[in-house]
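Peer 1: Pasting data06.txt here (compact mmCIF, C-alpha atoms):
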```txt
# COMPACT_ATOMS: atom_id res chain seq x y z
CA MET A 1 129.59 118.13 132.98
CA LYS A 2 128.80 116.82 129.51
CA ASN A 3 125.07 116.91 130.18
CA LEU A 4 125.34 120.48 131.44
CA PHE A 5 127.14 121.49 128.26
CA PHE A 6 124.46 119.77 126.16
CA ARG A 7 121.68 121.63 127.96
CA ILE A 8 123.45 124.98 127.63
CA TYR A 9 123.97 124.33 123.90
CA GLN A 10 120.28 123.50 123.47
CA PHE A 11 119.19 126.59 125.41
CA VAL A 12 121.41 128.89 123.36
CA PHE A 13 120.20 127.35 120.11
CA ARG A 14 116.59 127.67 121.24
CA VAL A 15 117.07 131.40 121.86
CA PHE A 16 118.95 131.80 118.57
CA ALA A 17 116.11 130.04 116.71
CA PHE A 18 113.75 132.91 117.46
CA PHE A 19 115.84 135.12 115.18
CA LEU A 20 115.87 132.76 112.21
CA LYS A 21 113.61 133.25 109.22
CA TRP A 22 111.13 130.36 109.55
CA ARG A 23 109.05 130.33 106.43
CA LYS A 24 106.07 128.11 105.71
CA PRO A 25 105.56 126.89 102.16
CA GLU A 26 102.83 128.22 99.94
CA LEU A 27 100.38 125.33 100.19
CA LEU A 28 98.12 123.84 97.51
CA SER A 29 95.76 121.39 99.19
CA GLY A 30 92.88 119.16 98.18
CA SER A 31 91.89 116.55 95.64
CA GLY A 32 93.37 117.46 92.25
CA SER A 33 95.44 120.33 93.63
CA LEU A 34 98.47 119.08 91.69
CA LEU A 35 96.77 120.41 88.55
CA ASP A 36 97.05 123.97 89.91
CA LEU A 37 100.81 123.79 90.33
CA PRO A 38 102.05 124.43 86.75
CA GLU A 39 100.17 127.73 86.54
CA LEU A 40 101.62 128.77 89.91
CA ILE A 41 105.13 127.90 88.75
CA GLN A 42 104.61 129.89 85.55
CA SER A 43 103.43 132.89 87.59
CA LYS A 44 106.79 132.82 89.44
CA GLY A 45 108.64 133.36 86.15
CA ILE A 46 110.15 129.87 86.11
CA SER A 47 110.75 128.44 82.63
CA LYS A 48 112.62 125.16 83.35
CA VAL A 49 112.49 122.75 86.29
CA LEU A 50 114.21 119.61 87.48
CA ILE A 51 111.84 116.92 88.77
CA VAL A 52 113.56 114.69 91.34
CA THR A 53 111.77 111.39 91.87
CA ASP A 54 112.33 107.63 91.83
CA GLN A 55 111.68 104.79 89.43
CA GLY A 56 108.69 103.52 91.41
CA ILE A 57 106.89 106.84 91.00
CA MET A 58 107.66 106.81 87.28
CA ASP A 59 106.40 103.24 86.90
CA LEU A 60 103.11 104.24 88.51
CA GLY A 61 102.78 107.18 86.12
CA LEU A 62 102.18 109.65 88.95
CA THR A 63 104.11 112.46 87.27
CA LYS A 64 102.10 112.39 84.04
CA ASN A 65 99.55 115.04 85.03
CA LEU A 66 102.32 117.31 86.24
CA GLU A 67 104.27 116.83 83.02
CA SER A 68 101.20 117.63 80.91
CA GLY A 69 100.48 120.73 82.96
CA LEU A 70 104.05 121.98 82.65
CA LYS A 71 103.94 121.51 78.88
CA ASN A 72 100.64 123.41 78.68
CA GLU A 73 102.19 126.33 80.57
CA GLY A 74 105.27 126.35 78.33
CA ILE A 75 107.56 125.18 81.14
CA ASN A 76 110.39 122.87 80.15
CA TYR A 77 111.41 120.09 82.51
CA VAL A 78 113.93 117.31 82.96
CA ILE A 79 113.49 114.29 85.21
CA TYR A 80 115.98 112.63 87.54
CA ASP A 81 114.42 109.30 88.60
CA LYS A 82 117.34 107.38 90.11
CA THR A 83 116.74 108.31 93.75
CA VAL A 84 116.99 105.31 96.07
CA PRO A 85 115.44 104.74 99.50
CA ASN A 86 117.65 106.53 102.02
CA PRO A 87 118.94 108.90 99.27
CA THR A 88 122.69 108.97 98.90
CA VAL A 89 125.36 111.57 98.37
CA ASP A 90 125.82 110.07 94.89
CA ASN A 91 122.11 110.61 94.12
CA VAL A 92 122.34 114.26 95.07
CA GLU A 93 125.56 114.88 93.13
CA GLU A 94 124.19 113.19 90.01
CA ALA A 95 120.89 115.10 90.16
CA ALA A 96 122.74 118.38 90.74
CA ARG A 97 124.76 117.78 87.58
CA VAL A 98 121.50 117.25 85.66
CA TYR A 99 120.17 120.54 87.07
CA LEU A 100 123.25 122.47 85.99
CA LYS A 101 123.63 120.82 82.60
CA ASN A 102 120.03 121.68 81.69
CA GLU A 103 120.15 125.19 83.17
CA CYS A 104 117.14 124.59 85.41
CA GLU A 105 115.68 127.33 87.61
CA ALA A 106 113.68 125.36 90.16
CA ILE A 107 113.57 121.91 91.75
CA ILE A 108 110.53 119.69 92.32
CA GLY A 109 110.80 116.84 94.80
CA PHE A 110 108.08 114.37 93.78
CA GLY A 111 107.59 111.30 95.97
CA GLY A 112 108.10 110.29 99.56
CA GLY A 113 110.68 111.74 101.90
CA THR A 114 113.34 110.06 99.78
CA ALA A 115 112.71 112.23 96.72
CA ILE A 116 112.09 115.41 98.68
CA ASP A 117 115.27 114.98 100.73
CA CYS A 118 117.24 114.37 97.55
CA ALA A 119 115.73 117.53 96.03
CA LYS A 120 116.72 119.50 99.13
CA GLY A 121 120.23 118.12 98.83
CA VAL A 122 120.35 119.31 95.22
CA GLY A 123 119.25 122.76 96.34
CA ALA A 124 122.01 122.83 98.95
CA ARG A 125 124.66 121.86 96.40
CA ILE A 126 123.45 124.46 93.88
CA ALA A 127 123.57 127.10 96.60
CA ARG A 128 127.00 125.96 97.81
CA PRO A 129 128.82 124.53 94.75
CA ASN A 130 132.19 124.50 96.52
CA LYS A 131 130.97 122.77 99.67
CA SER A 132 130.36 119.01 99.85
CA LEU A 133 127.22 117.57 101.42
CA ASN A 134 129.29 115.99 104.17
CA LYS A 135 130.57 119.44 105.09
CA MET A 136 126.96 120.65 105.39
CA LYS A 137 126.05 117.93 107.89
CA GLY A 138 124.55 119.40 111.03
CA VAL A 139 122.94 122.76 111.64
CA LEU A 140 122.89 125.96 109.56
CA LYS A 141 125.77 125.13 107.24
CA VAL A 142 124.04 125.94 103.96
CA ARG A 143 123.41 129.59 104.84
CA LYS A 144 122.58 130.65 101.29
CA LYS A 145 119.35 130.84 99.36
CA ILE A 146 118.60 127.77 97.26
CA PRO A 147 116.64 127.73 93.98
CA MET A 148 112.87 127.61 94.25
CA LEU A 149 112.02 124.26 95.84
CA ILE A 150 108.64 122.58 95.40
CA ALA A 151 107.66 119.49 97.40
CA ILE A 152 104.97 117.05 96.26
CA PRO A 153 104.63 114.26 98.83
CA THR A 154 103.12 110.94 97.74
CA THR A 155 103.25 109.49 101.26
CA ALA A 156 101.98 110.96 104.52
CA GLY A 157 104.85 110.59 106.92
CA THR A 158 108.01 112.61 106.66
CA GLY A 159 106.46 116.06 106.54
CA SER A 160 109.52 117.04 104.49
CA GLU A 161 107.44 119.55 102.57
CA GLY A 162 107.47 121.80 105.64
CA THR A 163 110.80 121.06 107.30
CA LEU A 164 114.34 122.39 107.28
CA ALA A 165 115.90 118.91 107.21
CA ALA A 166 117.34 116.75 104.43
CA VAL A 167 118.48 113.29 105.51
CA ILE A 168 121.26 111.90 103.34
CA THR A 169 123.27 108.65 103.44
CA ASP A 170 126.96 108.38 102.62
CA SER A 171 127.06 104.95 101.00
CA LYS A 172 130.82 104.71 101.53
CA THR A 173 130.75 105.16 105.31
CA HIS A 174 127.10 104.13 105.93
CA ASP A 175 126.66 107.41 107.79
CA LYS A 176 123.07 108.64 107.62
CA TYR A 177 122.89 112.26 108.66
CA ALA A 178 120.71 115.35 108.54
CA ILE A 179 121.46 118.68 106.91
CA ASN A 180 119.40 121.25 108.83
CA ASP A 181 119.01 124.75 107.49
CA VAL A 182 116.02 127.09 107.20
CA ASN A 183 116.98 127.69 103.57
CA LEU A 184 115.94 124.09 102.84
CA ILE A 185 112.30 124.68 103.76
CA PRO A 186 110.35 124.28 100.49
CA HIS A 187 108.81 127.36 98.93
CA ILE A 188 105.71 125.53 97.64
CA ALA A 189 104.05 122.30 98.81
CA VAL A 190 101.23 120.26 97.28
CA HIS A 191 98.85 118.09 99.32
CA ASP A 192 96.92 116.09 96.75
CA PRO A 193 95.48 112.92 98.34
CA LEU A 194 94.96 111.39 94.90
CA LEU A 195 98.73 110.90 94.73
CA THR A 196 98.61 108.65 97.81
CA PHE A 197 95.83 106.41 96.51
CA GLY A 198 96.89 102.82 96.12
CA LEU A 199 99.83 103.19 98.51
CA PRO A 200 100.45 99.69 99.91
CA PRO A 201 98.99 99.24 103.41
CA HIS A 202 102.39 98.58 104.99
CA LEU A 203 103.79 101.85 103.61
CA THR A 204 100.67 103.71 104.70
CA ALA A 205 101.18 102.32 108.20
CA THR A 206 104.91 102.94 108.58
CA THR A 207 104.91 106.40 107.03
CA GLY A 208 102.00 107.35 109.28
CA MET A 209 103.91 106.12 112.32
CA ASP A 210 106.87 108.18 111.14
CA ALA A 211 104.63 111.25 111.36
CA LEU A 212 103.48 110.20 114.82
CA THR A 213 107.10 109.87 115.93
CA HIS A 214 107.84 113.39 114.66
CA ALA A 215 104.87 114.81 116.55
CA ILE A 216 105.58 113.02 119.82
CA GLU A 217 109.32 113.69 119.84
CA ALA A 218 108.66 117.36 119.16
CA TYR A 219 106.00 117.53 121.88
CA ILE A 220 108.05 115.88 124.63
CA GLY A 221 111.26 117.77 123.80
CA ARG A 222 112.53 120.81 125.66
CA SER A 223 112.60 123.31 122.80
CA ASN A 224 108.88 123.67 122.22
CA THR A 225 107.01 126.85 121.50
CA LYS A 226 103.26 127.36 121.84
CA GLU A 227 103.01 126.93 118.08
CA THR A 228 105.01 123.70 117.88
CA LYS A 229 102.96 122.19 120.71
CA LYS A 230 99.78 123.12 118.86
CA PHE A 231 101.01 121.54 115.62
CA ALA A 232 102.20 118.40 117.41
CA MET A 233 98.88 117.93 119.20
CA LYS A 234 96.94 118.45 115.96
CA ALA A 235 99.06 115.79 114.29
CA VAL A 236 98.68 113.26 117.12
CA LYS A 237 94.91 113.67 117.21
CA ILE A 238 94.53 113.21 113.45
CA ILE A 239 96.88 110.22 113.28
CA PHE A 240 95.06 108.27 115.98
CA HIS A 241 91.76 109.06 114.24
CA ASP A 242 92.68 108.55 110.58
CA LEU A 243 95.80 106.42 110.12
CA GLU A 244 94.11 103.06 110.49
CA LYS A 245 91.27 104.23 108.24
CA ALA A 246 93.82 104.99 105.52
CA TYR A 247 95.59 101.70 106.24
CA LEU A 248 92.37 99.68 105.83
CA ASP A 249 91.08 101.57 102.78
CA SER A 250 93.68 102.98 100.39
CA ASN A 251 90.95 104.95 98.61
CA ASP A 252 89.54 106.77 101.65
CA LEU A 253 89.93 110.30 100.31
CA GLU A 254 89.20 112.09 103.59
CA ALA A 255 91.55 109.92 105.64
CA ARG A 256 94.30 110.32 103.02
CA LEU A 257 94.03 114.11 103.00
CA ASN A 258 93.89 114.23 106.79
CA MET A 259 97.06 112.14 107.03
CA LEU A 260 98.84 114.52 104.66
CA LYS A 261 97.79 117.35 106.98
CA ALA A 262 98.96 115.41 110.04
CA SER A 263 102.33 114.68 108.48
CA TYR A 264 102.69 118.37 107.61
CA TYR A 265 101.73 119.55 111.09
CA ALA A 266 104.20 117.10 112.63
CA GLY A 267 106.85 118.39 110.25
CA LEU A 268 106.15 121.99 111.25
CA ALA A 269 106.45 120.94 114.90
CA PHE A 270 109.76 119.09 114.69
CA THR A 271 111.46 121.45 112.25
CA ARG A 272 111.45 124.01 115.07
CA ALA A 273 111.37 121.80 118.20
CA TYR A 274 113.55 118.98 116.81
CA VAL A 275 113.27 115.23 117.13
CA GLY A 276 115.12 113.00 119.59
CA ASN A 277 116.63 109.67 120.48
CA VAL A 278 114.17 107.62 118.41
CA HIS A 279 115.53 109.26 115.28
CA ALA A 280 119.13 109.00 116.40
CA ILE A 281 118.71 105.22 116.65
CA ALA A 282 116.56 104.87 113.52
CA HIS A 283 119.09 106.67 111.33
CA THR A 284 121.78 104.11 112.19
CA PHE A 285 119.53 101.22 111.16
CA GLY A 286 118.91 103.01 107.87
CA GLY A 287 122.59 103.74 107.31
CA PHE A 288 123.95 100.27 108.10
CA TYR A 289 121.05 97.97 107.16
CA ASN A 290 118.92 100.10 104.83
CA ILE A 291 115.93 99.68 107.16
CA PRO A 292 113.11 102.01 105.97
CA HIS A 293 112.98 105.05 108.20
CA GLY A 294 109.25 104.99 108.97
CA PHE A 295 109.33 101.33 109.91
CA ALA A 296 112.36 101.86 112.16
CA ASN A 297 110.66 104.76 113.93
CA ALA A 298 107.45 102.78 114.39
CA VAL A 299 109.28 99.92 116.09
CA ILE A 300 111.66 102.05 118.17
CA LEU A 301 109.17 104.67 119.41
CA PRO A 302 107.50 102.72 122.26
CA TYR A 303 110.84 101.37 123.51
CA VAL A 304 112.35 104.85 123.83
CA LEU A 305 109.20 106.37 125.35
CA ARG A 306 109.13 103.66 128.00
CA TYR A 307 112.83 104.12 128.67
CA TYR A 308 112.36 107.85 129.34
CA GLY A 309 110.21 106.86 132.32
CA LYS A 310 108.79 109.56 134.57
CA ALA A 311 110.60 112.30 132.62
CA ILE A 312 107.71 112.31 130.12
CA HIS A 313 104.75 110.99 132.15
CA ARG A 314 103.04 114.38 132.26
CA GLN A 315 103.43 115.03 128.53
CA LEU A 316 102.22 111.57 127.54
CA ALA A 317 99.31 111.90 129.97
CA ASN A 318 98.32 115.08 128.13
CA LEU A 319 98.43 113.21 124.82
CA ALA A 320 96.41 110.36 126.33
CA ASP A 321 93.74 112.89 127.35
CA LEU A 322 93.85 114.33 123.85
CA ILE A 323 92.94 111.03 122.21
CA GLY A 324 90.58 109.86 124.95
CA ILE A 325 92.66 107.19 126.67
CA GLY A 326 92.32 106.57 130.41
CA THR A 327 90.02 108.18 132.97
CA ASP A 328 90.04 111.39 134.97
CA THR A 329 91.10 109.48 138.06
CA ASP A 330 94.13 107.82 136.42
CA SER A 331 97.55 109.09 137.43
CA ASP A 332 99.90 110.61 134.88
CA SER A 333 102.07 107.48 135.03
CA LYS A 334 99.04 105.27 134.33
CA LYS A 335 97.94 107.41 131.39
CA ALA A 336 101.49 107.45 130.01
CA LYS A 337 101.61 103.65 130.24
CA LEU A 338 98.27 103.37 128.43
CA PHE A 339 99.40 105.79 125.73
CA ILE A 340 102.54 103.77 124.99
CA GLU A 341 100.50 100.56 124.96
CA GLU A 342 98.10 102.12 122.46
CA ILE A 343 101.02 102.88 120.14
CA GLU A 344 102.08 99.23 120.40
CA ASN A 345 98.50 98.07 119.82
CA MET A 346 98.19 100.26 116.74
CA ASN A 347 101.47 98.87 115.42
CA ALA A 348 100.16 95.34 115.99
CA ARG A 349 96.84 96.06 114.26
CA MET A 350 98.78 97.32 111.23
CA ASN A 351 101.13 94.31 111.22
CA ILE A 352 104.25 96.24 112.21
CA SER A 353 106.64 93.92 113.99
CA LYS A 354 107.83 94.49 117.55
CA LYS A 355 111.53 94.25 116.72
CA ILE A 356 113.89 95.14 113.89
CA LYS A 357 115.44 92.06 112.31
CA VAL A 358 119.02 92.39 111.09
CA PRO A 359 121.54 89.75 109.99
CA ASP A 360 124.07 90.76 112.63
CA LEU A 361 125.11 93.49 115.02
CA ASP A 362 128.72 93.65 113.94
CA ASN A 363 128.47 97.44 113.76
CA LEU A 364 126.87 97.89 117.18
CA GLU A 365 129.68 99.95 118.68
CA LEU A 366 129.77 102.31 115.71
CA MET A 367 125.97 102.58 115.72
CA ILE A 368 126.01 103.50 119.40
CA GLU A 369 128.70 106.09 118.78
CA ARG A 370 126.81 107.67 115.86
CA ALA A 371 123.46 107.71 117.65
CA TYR A 372 125.03 109.31 120.70
CA HIS A 373 126.74 112.02 118.67
CA GLU A 374 123.68 112.68 116.52
CA ALA A 375 121.55 113.23 119.60
CA ASN A 376 124.09 115.22 121.56
CA PRO A 377 124.32 118.12 121.97
CA LEU A 378 121.65 119.06 119.41
CA TYR A 379 118.47 117.19 120.33
CA PRO A 380 116.63 118.76 123.30
CA VAL A 381 115.45 115.39 124.58
CA PRO A 382 113.62 115.02 127.90
CA LYS A 383 116.37 112.72 129.18
CA ILE A 384 119.92 112.62 127.82
CA PHE A 385 121.00 109.07 127.03
CA THR A 386 124.46 107.76 127.77
CA LYS A 387 126.15 105.36 125.39
CA GLU A 388 125.17 102.56 127.77
CA ASP A 389 121.52 103.64 127.53
CA PHE A 390 121.77 103.40 123.75
CA ARG A 391 123.39 99.98 124.03
CA LYS A 392 120.56 98.63 126.17
CA LEU A 393 117.97 99.92 123.73
CA TYR A 394 119.72 98.53 120.66
CA LEU A 395 119.87 95.08 122.25
CA GLU A 396 116.23 95.29 123.27
CA ILE A 397 114.97 96.51 119.89
CA THR A 398 117.00 94.20 117.64
CA GLU A 399 116.39 90.62 116.60
CA ILE A 400 119.25 88.83 114.88
CA GLY A 401 118.44 86.77 111.81
CA GLY A 402 116.71 89.19 109.46
```
Output the file's structure as structure tokens, nothing else.

Peer 2:
Amino acid sequence: MKNLFFRIYQFVFRVFAFFLKWRKPELLSGSGSLLDLPELIQSKGISKVLIVTDQGIMDLGLTKNLESGLKNEGINYVIYDKTVPNPTVDNVEEAARVYLKNECEAIIGFGGGTAIDCAKGVGARIARPNKSLNKMKGVLKVRKKIPMLIAIPTTAGTGSEGTLAAVITDSKTHDKYAINDVNLIPHIAVHDPLLTFGLPPHLTATTGMDALTHAIEAYIGRSNTKETKKFAMKAVKIIFHDLEKAYLDSNDLEARLNMLKASYYAGLAFTRAYVGNVHAIAHTFGGFYNIPHGFANAVILPYVLRYYGKAIHRQLANLADLIGIGTDTDSDSKKAKLFIEEIENMNARMNISKKIKVPDLDNLELMIERAYHEANPLYPVPKIFTKEDFRKLYLEITEIGG
């Protein structure tokens, strides 16, 4: 009966989604496109902005060109640079206070998914000053317009610049959760590959696999539209063609720009079609052990795909055909097997480990509970997992001693 309820919930939400206002950000794309942003902001009548970023971005000096451009356009700005990996409720609250104190009019998320998610959280809190982030956990609980939000990704993975999701961690309870609302989709996004130059190979690899996870989970889910399938397939094709190029050469301009596009397409796919059980598991590793999200997804993805079994053979066979794996005479099950093996091979070539090392699994029961309730009833997965299914996967994925 539970599974029937979950499927009914997903069907109703899928129908309801057609009536939501799904916007796509105004996109600046190409080498040096960041330089065009200040003039665009000025044309919107914005006179003061909050830049949400992290200390690593500041240390690299990546915001300098943006700061100079804002000054030239007469736009005042203030910077919040204390965002941590897996941004916390405390980060958002602190940055929101900076926004209000300085009477800002727009928010710029500058960095990886961490900074952009934090910026989205700030937007949610400004829109709903009397509602805590924890109360906005889940779906469509912001429901008010946020200030102008601009996303400038410096990694190609999360696709946050095109999605409705902000993933936040409550450091007190170790609960890592998503706030999903169409109002959180950024108004403007910048794809400047120069900002991703010099990204360490491991981060290039894991963020790219994060994008692949988004695309695949959207594609195999049961809430697809023709458009989300198209975006997911575009992303998968680019990632298999360009991710390892970007991994091997941090200065490959074409591969870097293509990976930004792939991450964006994957984001557009999953923001409408949703993710699935890979993310439900990955979020618990981030919440309890601070495991980077992209790395967790990269490791978990092949395990979950294999566990789905025949429920996704046809879809994975289609993706295998898309990237040229297998032959015309291979069965769907054979192509699906080859596709999963290729994901594992790509992980291996980019030195991504096969398991997630943690010091203990003392929180296993709570992790299972949280993964189960994150996935159900919301995620339209091809196969609904029981708590025992989650348990088996956790034990298979995890290596004690990290």

Peer 1: Using Å and a single decimal, report how far atom CA of A:Ile179 sits from atom CA of A:Lys137.

Peer 2: 4.8 Å

Peer 1: Report as a ChimeraX atom specification all protein, DNA and RNA residues lying within 9 Å of A:Arg391, evaluated on all atoms listed in the file, omitting residues in the same chain fewer than 3 positions from it.

Peer 2: /A:364-365,368,386-388,394-396

Peer 1: Restricting the output to C-alpha atoms, write the selected residues as a tab-separated table (two decimals), in the coordinates of the input.

Peer 2:
```tsv
chain	number	residue	atom	x	y	z
A	364	LEU	CA	126.87	97.89	117.18
A	365	GLU	CA	129.68	99.95	118.68
A	368	ILE	CA	126.01	103.50	119.40
A	386	THR	CA	124.46	107.76	127.77
A	387	LYS	CA	126.15	105.36	125.39
A	388	GLU	CA	125.17	102.56	127.77
A	394	TYR	CA	119.72	98.53	120.66
A	395	LEU	CA	119.87	95.08	122.25
A	396	GLU	CA	116.23	95.29	123.27
```

Peer 1: Considering all atoms listed in the file, state which residue in the set A:Pro382, A:Pro153, A:Gly286, A:Gly56 is at the smallest distance from A:Leu195.

Peer 2: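 Of A:Pro382, A:Pro153, A:Gly286, A:Gly56, the one nearest A:Leu195 is A:Pro153, counting all atoms listed in the file.
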
Peer 1: Could you list, with a cut-off of 10 Å and counting all atoms listed in the file, the residues of stretch 143-243 of chain A near stretch 60-75 of chain A, each shown with its nearest atom pair and the distance in Å rounded to one decimal, rows sorted by chain and ascending number, as CSV?

Peer 2:
```
residue,atom,partner,partner_atom,distance
A:Thr154,CA,A:Leu62,CA,8.9
A:Leu194,CA,A:Leu62,CA,9.5
A:Leu195,CA,A:Leu62,CA,6.8
A:Thr196,CA,A:Leu62,CA,9.6
A:Gly198,CA,A:Leu60,CA,9.9
```

Peer 1: Taking only residues of stretch 174-226 of chain A that have an atom at most 10 Å from an atom of stretch 315-322 of chain A, what is each one's shortest atom pair and its distance in Å to one decimal, using only C-alpha atoms, in chain and number order, as CSV?

Peer 2:
```
residue,atom,partner,partner_atom,distance
A:Ile216,CA,A:Leu316,CA,8.5
A:Tyr219,CA,A:Gln315,CA,7.6
A:Ile220,CA,A:Gln315,CA,6.1
A:Gly221,CA,A:Gln315,CA,9.5
```

Peer 1: Rounded to one decimal, what separation in Å do you get between atom CA of A:Gly159 and atom CA of A:Asn345?

Peer 2: 23.7 Å

Peer 1: Check the smallest atom-to-atom distance from each of A:Thr271, A:Asn3, A:Ser353, A:Thr53 to A:Lys383 using only C-alpha atoms, then report the winner.

Peer 2: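 Among the listed residues, A:Asn3 lies closest to A:Lys383.
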
Peer 1: One decimal, Å: what's the distance from atom CA of A:Leu243 over to atom CA of A:Arg23, could you say?

Peer 2: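 Atom CA of A:Arg23 lies at a distance of 27.6 Å from atom CA of A:Leu243.
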
Peer 1: For each of A:Glu161, A:Glu374, A:Asp252, A:Glu217, take the minimum atom-to-atom distance to A:Gly111, counting all atoms listed in the file, then give the residue where this is smallest.

Peer 2: A:Glu161

Peer 1: Have a look at A:Leu4, A:Leu361, A:Ile41, A:Leu20 and name the one nearest to A:Ile107; count only C-alpha atoms.

Peer 2: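 Closest residue, counting only C-alpha atoms: A:Ile41.
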
Peer 1: The residues within 12 Å of (93.2, 99.0, 117.2), using all atoms listed in the file and the coordinates of the file, should be reported as a list in words; which are they?

Peer 2: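 I get Phe240, His241, Asp242, Leu243, Glu244, Lys245, Tyr247, Leu248, Glu341, Glu342, Ile343, Glu344, Asn345, Met346, Asn347, Ala348, Arg349, Met350 and Asn351 of chain A for the residues within 12 Å of that point.
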
Peer 1: Output C-alpha atoms for every residue in that selection, as an mmCIF file, keeping the file's coordinate frame.

Peer 2:
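Listed below is the output, again-v8.cif:
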```
data_model
loop_
_atom_site.group_PDB
_atom_site.id
_atom_site.type_symbol
_atom_site.label_atom_id
_atom_site.label_comp_id
_atom_site.auth_asym_id
_atom_site.auth_seq_id
_atom_site.Cartn_x
_atom_site.Cartn_y
_atom_site.Cartn_z
ATOM 1 C CA PHE A 240 95.060 108.270 115.980
ATOM 2 C CA HIS A 241 91.760 109.060 114.240
ATOM 3 C CA ASP A 242 92.680 108.550 110.580
ATOM 4 C CA LEU A 243 95.800 106.420 110.120
ATOM 5 C CA GLU A 244 94.110 103.060 110.490
ATOM 6 C CA LYS A 245 91.270 104.230 108.240
ATOM 7 C CA TYR A 247 95.590 101.700 106.240
ATOM 8 C CA LEU A 248 92.370 99.680 105.830
ATOM 9 C CA GLU A 341 100.500 100.560 124.960
ATOM 10 C CA GLU A 342 98.100 102.120 122.460
ATOM 11 C CA ILE A 343 101.020 102.880 120.140
ATOM 12 C CA GLU A 344 102.080 99.230 120.400
ATOM 13 C CA ASN A 345 98.500 98.070 119.820
ATOM 14 C CA MET A 346 98.190 100.260 116.740
ATOM 15 C CA ASN A 347 101.470 98.870 115.420
ATOM 16 C CA ALA A 348 100.160 95.340 115.990
ATOM 17 C CA ARG A 349 96.840 96.060 114.260
ATOM 18 C CA MET A 350 98.780 97.320 111.230
ATOM 19 C CA ASN A 351 101.130 94.310 111.220
#
```

Peer 1: For A:Tyr308, please output as a list of chain:residue names all residues within 12 Å (counting only C-alpha atoms; exclusion window: fewer than 4 positions along the same chain).

Peer 2: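 Those residues are A:Glu217, A:Ile220, A:Gly221, A:Gly276, A:Asn277, A:Val278, A:Leu301, A:Pro302, A:Tyr303, A:Val304, A:Ile312, A:His313, A:Arg314, A:Gln315, A:Leu316, A:Ser333, A:Ala336, A:Lys337, A:Ile340, A:Val381, A:Pro382, A:Lys383, A:Ile384, A:Phe385, A:Asp389, A:Phe390, A:Leu393.
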
Peer 1: A:Ile79, A:Ala151, A:Leu140, A:Val190: which is nearest A:Thr114, counting only C-alpha atoms?

Peer 2: A:Ala151

Peer 1: Restricting the calculation to all atoms listed in the file: of A:Lys21, A:Lys335, A:His293, A:His214, which residue gets closest to A:Val182?

Peer 2: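 Among the listed residues, the smallest separation from A:Val182 belongs to A:Lys21.
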
Peer 1: Please identify all polymer residues within 8 Å of A:Thr88, counting all atoms listed in the file, omitting same-chain residues fewer than 2 positions from it, and present them as a VMD selection string.

Peer 2: chain A and resid 83 to 84 86 90 to 92 118 168 to 171

Peer 1: What lies within 8 Å of A:Asn183 using only C-alpha atoms, ignoring chain neighbours under 2 positions off, as a PDB file with C-alpha atoms, keeping the file's coordinate frame?

Peer 2:
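And here's out_0.pdb as it stands now:
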```pdb
ATOM      1  CA  VAL A 142     124.040 125.940 103.960  1.00  0.00           C
ATOM      2  CA  ARG A 143     123.410 129.590 104.840  1.00  0.00           C
ATOM      3  CA  LYS A 144     122.580 130.650 101.290  1.00  0.00           C
ATOM      4  CA  LYS A 145     119.350 130.840  99.360  1.00  0.00           C
ATOM      5  CA  ILE A 146     118.600 127.770  97.260  1.00  0.00           C
ATOM      6  CA  LEU A 164     114.340 122.390 107.280  1.00  0.00           C
ATOM      7  CA  ASP A 181     119.010 124.750 107.490  1.00  0.00           C
ATOM      8  CA  ILE A 185     112.300 124.680 103.760  1.00  0.00           C
TER       9      ILE A 185
END
```

Peer 1: List the neighbours of stretch 257-265 of chain A out to 9 Å using only C-alpha atoms; skip same-chain residues closer than 4 positions along the sequence, and give me the result as a PyMOL selection string.

Peer 2: chain A and resi 29-31+153-163+191-194+196+207-208+210-212+214-215+228+230-239+242-243+246+252-253+269-270

Peer 1: Would you list the residues near (110.4, 99.1, 117.3) (no more than 7 Å away, in the coordinates of the file, using all atoms listed in the file) as a JSON list (two decimals) with C-alpha atoms, in the coordinates of the input?

Peer 2:
```
[["chain", "number", "residue", "atom", "x", "y", "z"],
["A", 296, "ALA", "CA", 112.36, 101.86, 112.16],
["A", 297, "ASN", "CA", 110.66, 104.76, 113.93],
["A", 298, "ALA", "CA", 107.45, 102.78, 114.39],
["A", 299, "VAL", "CA", 109.28, 99.92, 116.09],
["A", 300, "ILE", "CA", 111.66, 102.05, 118.17],
["A", 301, "LEU", "CA", 109.17, 104.67, 119.41],
["A", 302, "PRO", "CA", 107.50, 102.72, 122.26],
["A", 303, "TYR", "CA", 110.84, 101.37, 123.51],
["A", 354, "LYS", "CA", 107.83, 94.49, 117.55],
["A", 355, "LYS", "CA", 111.53, 94.25, 116.72],
["A", 356, "ILE", "CA", 113.89, 95.14, 113.89],
["A", 397, "ILE", "CA", 114.97, 96.51, 119.89]]
```

Peer 1: Return as AutoDock Vina command-line options the box centre and box size in Å, one decimal, for an axis-aligned box around all listed atoms of stretch 342-348 of chain A padded by 5 Å per side.

Peer 2:
```
--center_x 100.1 --center_y 99.1 --center_z 118.9 --size_x 14.0 --size_y 17.5 --size_z 17.0
```
